[in-house]
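Below is the file target_7.txt, which contains compact mmCIF, C-alpha atoms and all ligand atoms.
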# COMPACT_ATOMS: atom_id res chain seq x y z
CA MET A 217 14.26 53.67 -102.47
CA ILE A 218 13.22 50.98 -100.03
CA ASN A 219 14.26 47.34 -100.15
CA HIS A 220 12.21 46.00 -97.23
CA ILE A 221 8.87 46.52 -95.48
CA ALA A 222 8.45 45.78 -91.76
CA ALA A 223 4.79 45.61 -90.67
CA ILE A 224 4.47 46.10 -86.91
CA SER A 225 1.43 46.08 -84.65
CA PHE A 226 0.07 46.08 -81.12
CA SER A 227 -3.33 44.46 -81.42
CA PRO A 228 -5.03 42.72 -78.48
CA THR A 229 -8.18 41.73 -80.40
CA GLY A 230 -6.58 41.45 -83.84
CA ARG A 231 -8.23 44.22 -85.89
CA THR A 232 -5.13 46.41 -86.09
CA GLU A 233 -2.91 43.46 -86.92
CA THR A 234 -5.17 42.44 -89.81
CA LEU A 235 -5.06 45.99 -91.19
CA VAL A 236 -1.29 46.34 -90.85
CA ARG A 237 -0.56 42.92 -92.36
CA GLU A 238 -2.85 43.56 -95.32
CA PHE A 239 -1.36 47.00 -95.92
CA GLY A 240 2.18 45.60 -95.74
CA LYS A 241 1.31 42.71 -98.05
CA GLN A 242 -0.36 44.83 -100.71
CA LEU A 243 2.38 47.44 -100.64
CA ALA A 244 5.07 44.75 -100.97
CA GLN A 245 3.20 43.37 -104.03
CA ARG A 246 3.37 46.80 -105.63
CA PHE A 247 7.17 46.75 -105.20
CA GLN A 248 7.60 43.10 -106.17
CA GLU A 249 9.62 43.86 -109.30
CA GLU A 250 12.11 45.83 -107.21
CA GLY A 251 12.55 42.75 -104.97
CA VAL A 252 11.20 44.46 -101.83
CA THR A 253 10.85 41.93 -99.00
CA LEU A 254 8.32 41.90 -96.15
CA ASP A 255 8.20 40.72 -92.57
CA PHE A 256 5.82 41.08 -89.63
CA HIS A 257 6.40 41.97 -85.99
CA SER A 258 3.98 42.13 -83.11
CA PHE A 259 4.45 43.52 -79.61
CA THR A 260 1.01 42.50 -78.40
CA LEU A 261 2.17 39.77 -76.03
CA PRO A 262 4.66 39.97 -73.14
CA LYS A 263 7.01 37.50 -74.87
CA ASP A 264 7.53 40.09 -77.63
CA GLN A 265 7.82 43.15 -75.41
CA ASP A 266 11.57 42.84 -74.74
CA THR A 267 12.88 42.53 -78.30
CA LEU A 268 14.54 45.67 -79.64
CA HIS A 269 14.12 46.53 -83.33
CA SER A 270 16.16 49.10 -85.20
CA PHE A 271 15.58 49.89 -88.84
CA GLY A 272 17.77 51.53 -91.47
CA PRO A 273 16.78 54.15 -94.05
CA HIS A 274 15.89 51.55 -96.72
CA THR A 275 13.22 49.80 -94.67
CA LEU A 276 9.68 51.11 -94.76
CA VAL A 277 7.96 50.59 -91.42
CA VAL A 278 4.16 50.18 -91.36
CA PHE A 279 3.23 50.75 -87.71
CA GLY A 280 -0.26 50.16 -86.32
CA MET A 281 -1.99 50.60 -82.98
CA PRO A 282 -5.60 50.77 -81.78
CA THR A 283 -7.25 53.88 -80.33
CA TYR A 284 -8.00 53.75 -76.60
CA ALA A 285 -9.69 56.80 -75.04
CA GLY A 286 -8.81 58.88 -78.10
CA ARG A 287 -5.07 58.16 -77.87
CA ILE A 288 -2.77 55.21 -78.36
CA PRO A 289 -3.11 52.77 -75.43
CA ASN A 290 -1.19 54.41 -72.60
CA LYS A 291 0.17 51.12 -71.25
CA ALA A 292 1.54 50.23 -74.69
CA LEU A 293 3.18 53.61 -75.30
CA PRO A 294 6.35 52.68 -73.36
CA PHE A 295 6.86 49.76 -75.78
CA VAL A 296 6.80 52.14 -78.74
CA GLN A 297 9.30 54.35 -76.95
CA LYS A 298 11.62 51.54 -75.87
CA LEU A 299 11.54 48.84 -78.53
CA PHE A 300 11.66 50.60 -81.89
CA SER A 301 14.09 52.98 -83.50
CA GLY A 302 14.84 54.32 -86.96
CA ASP A 303 17.98 55.71 -88.54
CA PRO A 304 19.15 58.79 -86.58
CA ASP A 305 20.86 60.43 -89.57
CA ARG A 306 18.79 59.58 -92.61
CA LYS A 307 15.50 58.72 -90.84
CA THR A 308 13.49 55.58 -91.52
CA PRO A 309 10.34 56.09 -93.62
CA ALA A 310 7.12 55.05 -91.89
CA VAL A 311 3.38 54.81 -92.43
CA ALA A 312 1.33 55.24 -89.23
CA LEU A 313 -2.00 53.39 -88.96
CA VAL A 314 -4.60 53.35 -86.21
CA THR A 315 -7.91 51.56 -85.86
CA PHE A 316 -10.82 52.95 -83.84
CA GLY A 317 -14.15 51.48 -82.79
CA ASN A 318 -16.57 53.71 -84.69
CA ARG A 319 -16.61 56.54 -82.11
CA SER A 320 -13.54 58.67 -83.00
CA TYR A 321 -9.78 58.35 -83.26
CA ASP A 322 -9.39 61.84 -81.76
CA SER A 323 -5.60 62.26 -81.27
CA SER A 324 -4.36 58.68 -81.57
CA LEU A 325 -2.92 59.02 -85.07
CA THR A 326 -1.18 62.32 -84.29
CA GLU A 327 0.25 60.85 -81.11
CA LEU A 328 1.53 57.76 -82.93
CA ARG A 329 3.17 59.91 -85.63
CA ASP A 330 4.80 62.15 -83.02
CA GLU A 331 6.09 59.21 -80.96
CA LEU A 332 7.55 57.55 -84.06
CA GLU A 333 9.26 60.80 -85.04
CA LYS A 334 10.95 60.95 -81.64
CA LYS A 335 12.46 57.54 -82.50
CA ASP A 336 13.91 58.70 -85.84
CA PHE A 337 11.10 57.62 -88.15
CA LEU A 338 9.81 59.94 -90.86
CA VAL A 339 6.06 59.43 -91.02
CA PHE A 340 5.08 60.47 -94.55
CA ALA A 341 1.65 58.79 -94.82
CA ALA A 342 -1.00 57.87 -92.26
CA GLY A 343 -4.48 56.48 -91.91
CA ALA A 344 -7.20 56.03 -89.28
CA PHE A 345 -9.49 53.09 -90.03
CA ALA A 346 -12.87 52.53 -88.45
CA ALA A 347 -13.39 49.03 -87.06
CA PRO A 348 -15.86 47.11 -84.90
CA HIS A 349 -15.58 48.33 -81.30
CA ALA A 350 -13.81 45.86 -79.02
CA PHE A 351 -16.42 46.04 -76.24
CA ALA A 352 -19.49 47.87 -77.55
CA ALA A 353 -21.83 46.57 -80.24
CA ILE A 354 -21.05 49.38 -82.68
CA GLY A 355 -19.12 49.54 -85.93
CA ARG A 356 -19.79 45.91 -86.85
CA GLU A 357 -20.31 47.01 -90.46
CA HIS A 358 -16.60 47.83 -90.89
CA PRO A 359 -14.74 47.48 -93.15
CA THR A 360 -17.29 49.09 -95.46
CA GLU A 361 -16.80 49.80 -99.18
CA GLU A 362 -15.80 53.34 -98.15
CA ASP A 363 -13.16 51.99 -95.73
CA ARG A 364 -11.78 49.81 -98.52
CA ALA A 365 -11.63 52.80 -100.86
CA ARG A 366 -9.65 54.80 -98.25
CA PHE A 367 -7.33 51.82 -97.81
CA ARG A 368 -6.59 51.74 -101.55
CA GLU A 369 -6.16 55.52 -101.57
CA LEU A 370 -3.54 55.28 -98.84
CA LEU A 371 -1.73 52.51 -100.69
CA ASP A 372 -1.73 54.68 -103.85
CA ARG A 373 -0.39 57.69 -101.96
CA THR A 374 2.26 55.70 -100.17
CA GLU A 375 3.46 54.15 -103.41
CA ALA A 376 3.41 57.49 -105.28
CA ARG A 377 5.32 59.30 -102.54
CA LEU A 378 7.95 56.55 -102.42
CA ARG A 379 8.34 56.49 -106.21
CA SER A 380 8.34 60.27 -106.66
CA GLY A 381 12.09 60.56 -106.18
CA LYS A 382 11.45 63.66 -104.05
CA PRO A 383 12.42 63.82 -100.38
CA LEU A 384 9.61 62.43 -98.21
CA GLU A 385 7.73 64.97 -96.09
CA ARG A 386 6.21 64.65 -92.65
CA VAL A 387 2.50 63.96 -93.06
CA VAL A 388 0.00 66.56 -91.83
CA ILE A 389 -2.85 64.96 -89.88
CA LYS A 390 -6.22 66.72 -89.62
CA GLY A 391 -4.68 70.21 -89.76
CA ASP A 392 -2.24 69.21 -87.06
CA ALA A 393 -3.94 70.06 -83.80
CA PRO A 394 -1.76 69.15 -80.82
CA VAL A 395 -2.42 65.84 -79.05
CA ALA A 396 -5.50 66.32 -76.83
CA PRO A 397 -5.99 64.89 -73.33
CA TYR A 398 -7.42 61.36 -73.04
CA TYR A 399 -11.14 61.08 -73.86
CA ILE A 400 -13.12 60.73 -70.64
CA PRO A 401 -15.57 57.83 -70.99
CA LEU A 402 -19.11 58.81 -70.07
CA GLY A 403 -21.90 56.71 -68.66
CA GLU A 404 -25.53 56.63 -69.75
CA ASP A 405 -26.23 59.56 -67.42
CA GLY A 406 -23.67 61.71 -69.26
CA GLN A 407 -21.33 61.71 -66.25
CA PRO A 408 -17.73 60.37 -66.32
CA ALA A 409 -17.72 56.60 -65.89
CA LYS A 410 -14.70 55.66 -63.82
CA PHE A 411 -13.86 52.04 -64.44
CA LEU A 412 -10.06 52.07 -64.48
CA LYS A 413 -9.95 49.34 -61.83
CA ALA A 414 -12.48 47.04 -63.49
CA LYS A 415 -11.18 43.54 -64.23
CA PRO A 416 -12.69 40.57 -66.06
CA LYS A 417 -14.57 37.96 -64.04
CA THR A 418 -14.81 34.24 -64.79
CA ASP A 419 -17.96 32.15 -64.98
CA LEU A 420 -16.63 29.05 -63.25
CA THR A 421 -19.50 26.91 -64.52
CA ARG A 422 -18.12 27.45 -68.04
CA CYS A 423 -14.36 27.81 -67.50
CA ASP A 424 -12.40 24.61 -68.17
CA HIS A 425 -9.08 26.12 -67.06
CA CYS A 426 -7.47 25.85 -70.50
CA GLY A 427 -5.34 28.93 -69.76
CA LYS A 428 -5.98 30.63 -73.11
CA CYS A 429 -7.03 33.90 -71.42
CA ALA A 430 -3.70 34.11 -69.60
CA LYS A 431 -1.83 33.44 -72.86
CA VAL A 432 -3.55 36.23 -74.82
CA CYS A 433 -3.42 38.93 -72.11
CA PRO A 434 -1.06 41.67 -73.43
CA MET A 435 -0.23 42.73 -69.90
CA GLY A 436 0.46 39.18 -68.65
CA SER A 437 -1.97 40.00 -65.86
CA ILE A 438 -3.95 36.77 -65.53
CA ASN A 439 -2.63 34.04 -63.24
CA PRO A 440 -2.09 31.03 -65.58
CA ASP A 441 -2.50 28.59 -62.68
CA ASN A 442 -5.77 30.13 -61.55
CA THR A 443 -7.26 32.14 -64.39
CA ASP A 444 -9.97 33.50 -62.11
CA GLU A 445 -7.26 35.69 -60.55
CA VAL A 446 -6.11 38.89 -62.26
CA PRO A 447 -3.30 40.21 -60.08
CA GLY A 448 -1.89 42.55 -62.73
CA ILE A 449 -3.37 45.61 -64.37
CA CYS A 450 -6.22 45.30 -66.83
CA ILE A 451 -6.37 47.60 -69.87
CA LYS A 452 -9.91 46.42 -70.78
CA CYS A 453 -8.64 45.30 -74.20
CA GLN A 454 -11.11 42.35 -74.29
CA ALA A 455 -8.57 39.80 -75.54
CA CYS A 456 -9.48 37.34 -72.75
CA ILE A 457 -13.16 37.72 -73.58
CA GLN A 458 -12.73 37.41 -77.33
CA TYR A 459 -10.42 34.41 -77.27
CA CYS A 460 -11.98 32.36 -74.41
CA PRO A 461 -13.24 29.18 -76.15
CA GLN A 462 -15.91 28.70 -73.44
CA GLY A 463 -17.24 32.27 -73.37
CA ALA A 464 -16.46 32.26 -69.64
CA LYS A 465 -14.98 35.76 -69.23
CA TYR A 466 -17.09 38.84 -68.65
CA PHE A 467 -17.10 42.33 -67.13
CA ASP A 468 -19.78 43.21 -64.60
CA ASP A 469 -18.46 46.59 -63.41
CA PRO A 470 -21.58 48.82 -63.57
CA ARG A 471 -19.62 51.90 -64.70
CA PHE A 472 -17.97 49.97 -67.50
CA LEU A 473 -21.35 48.58 -68.59
CA SER A 474 -22.88 52.04 -68.44
CA HIS A 475 -20.16 53.40 -70.76
CA LYS A 476 -20.72 50.49 -73.14
CA ALA A 477 -24.47 51.23 -73.16
CA MET A 478 -23.80 54.94 -73.81
CA LEU A 479 -21.59 54.08 -76.80
CA GLU A 480 -24.25 51.75 -78.16
CA LYS A 481 -26.87 54.48 -77.87
CA SER A 482 -24.83 57.39 -79.24
CA TYR A 483 -22.50 55.92 -81.88
CA GLN A 484 -24.66 53.79 -84.17
CA ARG A 485 -23.86 55.96 -87.23
CA THR A 486 -21.13 54.66 -89.50
CA ALA A 487 -17.87 56.53 -88.83
CA GLY A 488 -15.57 57.17 -91.78
CA SER A 489 -11.94 56.15 -92.19
CA GLU A 490 -9.51 58.95 -93.07
CA VAL A 491 -6.14 58.94 -94.78
CA PHE A 492 -3.43 61.58 -94.97
C1 LIG B 501 -10.02 50.24 -73.59
C2 LIG B 501 -10.54 50.61 -74.95
C3 LIG B 501 -10.72 51.94 -75.28
C4 LIG B 501 -11.20 52.29 -76.55
N1 LIG B 501 -11.36 53.61 -76.88
C5 LIG B 501 -11.84 53.95 -78.11
C6 LIG B 501 -12.01 55.32 -78.49
O1 LIG B 501 -11.66 56.25 -77.76
N2 LIG B 501 -12.57 55.59 -79.70
C7 LIG B 501 -12.97 54.60 -80.55
O2 LIG B 501 -13.54 54.90 -81.61
N3 LIG B 501 -12.75 53.28 -80.25
C8 LIG B 501 -12.20 52.95 -79.06
N4 LIG B 501 -11.97 51.63 -78.75
C9 LIG B 501 -12.18 50.60 -79.79
C10 LIG B 501 -10.85 50.16 -80.40
O3 LIG B 501 -10.12 51.26 -80.88
C11 LIG B 501 -11.10 49.19 -81.56
O4 LIG B 501 -11.93 48.17 -81.16
C12 LIG B 501 -9.77 48.66 -82.12
O5 LIG B 501 -9.96 48.28 -83.46
C13 LIG B 501 -9.23 47.48 -81.34
O6 LIG B 501 -8.00 47.10 -81.91
P1 LIG B 501 -7.41 45.60 -81.86
O7 LIG B 501 -8.49 44.66 -82.42
O8 LIG B 501 -6.23 45.64 -82.74
O9 LIG B 501 -7.12 45.27 -80.44
C14 LIG B 501 -11.50 51.28 -77.49
C15 LIG B 501 -11.31 49.94 -77.14
C16 LIG B 501 -10.82 49.60 -75.89
C17 LIG B 501 -10.60 48.16 -75.58
Let me see the structure of the file written as C-alpha cells.
Amino acid sequence: MINHIAAISFSPTGRTETLVREFGKQLAQRFQEEGVTLDFHSFTLPKDQDTLHSFGPHTLVVFGMPTYAGRIPNKALPFVQKLFSGDPDRKTPAVALVTFGNRSYDSSLTELRDELEKKDFLVFAAGAFAAPHAFAAIGREHPTEEDRARFRELLDRTEARLRSGKPLERVVIKGDAPVAPYYIPLGEDGQPAKFLKAKPKTDLTRCDHCGKCAKVCPMGSINPDNTDEVPGICIKCQACIQYCPQGAKYFDDPRFLSHKAMLEKSYQRTAGSEVF
C-alpha cells in the first residue's frame, strides 16, 4: 500500500499542471484515513530542471505532460529520462496523464508510459485529457461534463487497483500500438508546415520590459535584459504569449499561422478524453 503521492508535471501553459494537481489532491483525499500525504513537483522551468527525484515503492507518482506533435514534447523528454527514477527492485507505482489540444494525443500517452517504465516506474493506470489548444482556438469547451466523468472514472480505477491487494499490472493503452513518429503539422494547403525555427516577436509599443516572458520560458531562451531577443530554442509552447501582462508577444511566421488556421478549420469537433 502507498503512504505518499507525488504529483509531477511539465506544463508551460498550466493545463497539465492543473489536471495533475487535481488528480493528486482527489486521490489523496480518498486515502486520507490511511494518512497518505501529498506533494507537488514541477519541471517546467529551468530552475527545476536540475533537481533529481527518486521514489520508493510506497510512493504513488502521478506524472503529467502535454502532447506536442502527437508525442511528449521532445525537448522535455531528456528531463523525464534524467531527473526521475523509481525503485529498481520493487518498482514505483505510477499513473501517467497527458493533455492534448482537441486534435489527438496520438502516441504521447504510450510514450510517457514507456519512458516511465524505463526509469523503474510501474504505470498501472493512465489517462489522456482533452484541453484547450495552446495556440489554436479549438477545444475551449474543455473540460466538458464527459471529461469530468472520465476523470472520476480514472480516480475510481486507480483507487480500486491500489486497494485490490493484487499485484499491479502494466496498463494497456489503446491496444498498445508502438509509439508512432511525430505528427507532421500541415498548413491550410494540406502540405507540411515547417515552422521549427519560428520564434515569438515582441510588439515594442506594448512591451514594458517587465521580464515576465523570460521568467516563464521553459527553455530559458529569452534574454531577460532584452526580451525582444530569443537566442535559445523555442518549443512554441506559448508560455510567453499567455503570461505577458501587456499582450506584447506574438508569432508571425506564416507557416505557423497556416498550421493554426488548419487546426481551427479541421478540429472544431469536441474530442473525447480517454482513460485506461
Ligand atoms: C508545440 C505544440 C504542439 C502541440 N501538438 C498537439 C498535438 O499534436 N495534438 C493535440 O491535440 N494538441 C497539441 N497541442 C496542444 C497541447 O497539447 C495542449 O494545449 C496542452 O494542454 C498544453 O499543455 P500545458 O497547458 O500544460 O502547457 C500542442 C501544443 C503545442 C504548444
**Message:** Which residues are near ligand LIG 501 (chain B) in this structure, taking near to mean any atom at most 7 Å from a ligand atom and counting only C-alpha atoms and all ligand atoms? Format them as a ChimeraX atom specification.
**Reply:** /A:226-233,281-287,315-321,347-351,399,451-454
**Message:** as a list in words, please: the residues near Glu369 (chain A) (cut-off 12 Å, all atoms listed in the file, same-chain neighbours under 4 positions excluded).
**Reply:** Phe239, Leu243, Ala341, Ala342, Gly343, Glu362, Asp363, Arg364, Ala365, Arg373, Thr374, Glu375, Ala376, Ser489, Glu490, Val491 and Phe492 of chain A
**Prompt:** What does the distance between CA of Ser225 (chain A) and CA of Asn439 (chain A) come to in Å, to one decimal place?
**Reply:**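 These two atoms are separated by 24.9 Å.
Atom to atom, CA of Lys390 (chain A) and CA of Leu254 (chain A) stand 29.5 Å apart.
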**Selection near region 273-276 of chain A, 12 Å with only C-alpha atoms, sequence-local residues under 5 positions removed, as a ChimeraX atom specification** = /A:217-224,239-240,243-244,247,252-256,301-312,336-341,374-375,378,384
**8 Å contact set for Thr326 (chain A), only C-alpha atoms, chain neighbours under 3 positions out, as a ChimeraX atom specification** = /A:323,329-330,389,392,394-395
**Prompt:** For Ile457 (chain A), which residue among A:Gly403, A:Gly381, A:Pro416, A:Gly355 is the nearest when counting only C-alpha atoms?
**Reply:** A:Pro416
Kindly provide, as JSON, the centre and edge lengths (Å, one decimal) of an axis-aligned box around all atoms of region 299-316 of chain A given in the file, with 3 Å on each side.
{"center_x": 5.0, "center_y": 54.6, "center_z": -86.1, "size_x": 37.7, "size_y": 17.6, "size_z": 21.1}
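Residues surrounding Asp419 (chain A) within 9 Å are Asp444, Gly463, Ala464, Lys465 and Tyr466 of chain A [only C-alpha atoms; sequence separation below 6 positions excluded].
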Put those residues in a file: C-alpha atoms, as a short mmCIF file (atom, residue, chain, number, x, y, z; two decimals), keeping the file's coordinate frame.
data_model
loop_
_atom_site.label_atom_id
_atom_site.label_comp_id
_atom_site.auth_asym_id
_atom_site.auth_seq_id
_atom_site.Cartn_x
_atom_site.Cartn_y
_atom_site.Cartn_z
CA ASP A 444 -9.97 33.50 -62.11
CA GLY A 463 -17.24 32.27 -73.37
CA ALA A 464 -16.46 32.26 -69.64
CA LYS A 465 -14.98 35.76 -69.23
CA TYR A 466 -17.09 38.84 -68.65
#
**Request:** Tell me, in Å to one decimal, how far CA of Ser474 (chain A) is from CA of Asp405 (chain A).
**Result:**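 Going from CA of Ser474 (chain A) over to CA of Asp405 (chain A) covers 8.3 Å.
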**Residue neighbourhood Leu299 (chain A), 7 Å, only C-alpha atoms, exclusion window fewer than 5 positions, as a count of residues only** = 3
**Request:** Return the single residue from A:Asp424, A:Asp372, A:Glu445, A:Glu404 that is closest to Arg471 (chain A), with distances computed using all atoms listed in the file.
**Result:** A:Glu404
**Prompt:** Pick from A:Phe295, A:Phe345, A:Phe271, A:Phe300: nearest to His358 (chain A), with only C-alpha atoms counted?
**Reply:** A:Phe345
**Message:** My list of candidates is A:Lys335, A:Ile400, A:Leu325, A:Val296. Which is closest to Val387 (chain A) when distances are computed with all atoms listed in the file?
**Reply:** A:Leu325
**Item:** From A:Met478, A:Ala455, A:Val277, A:Ala396, residue lying nearest Lys431 (chain A) [all atoms listed in the file]
**Value:** A:Ala455
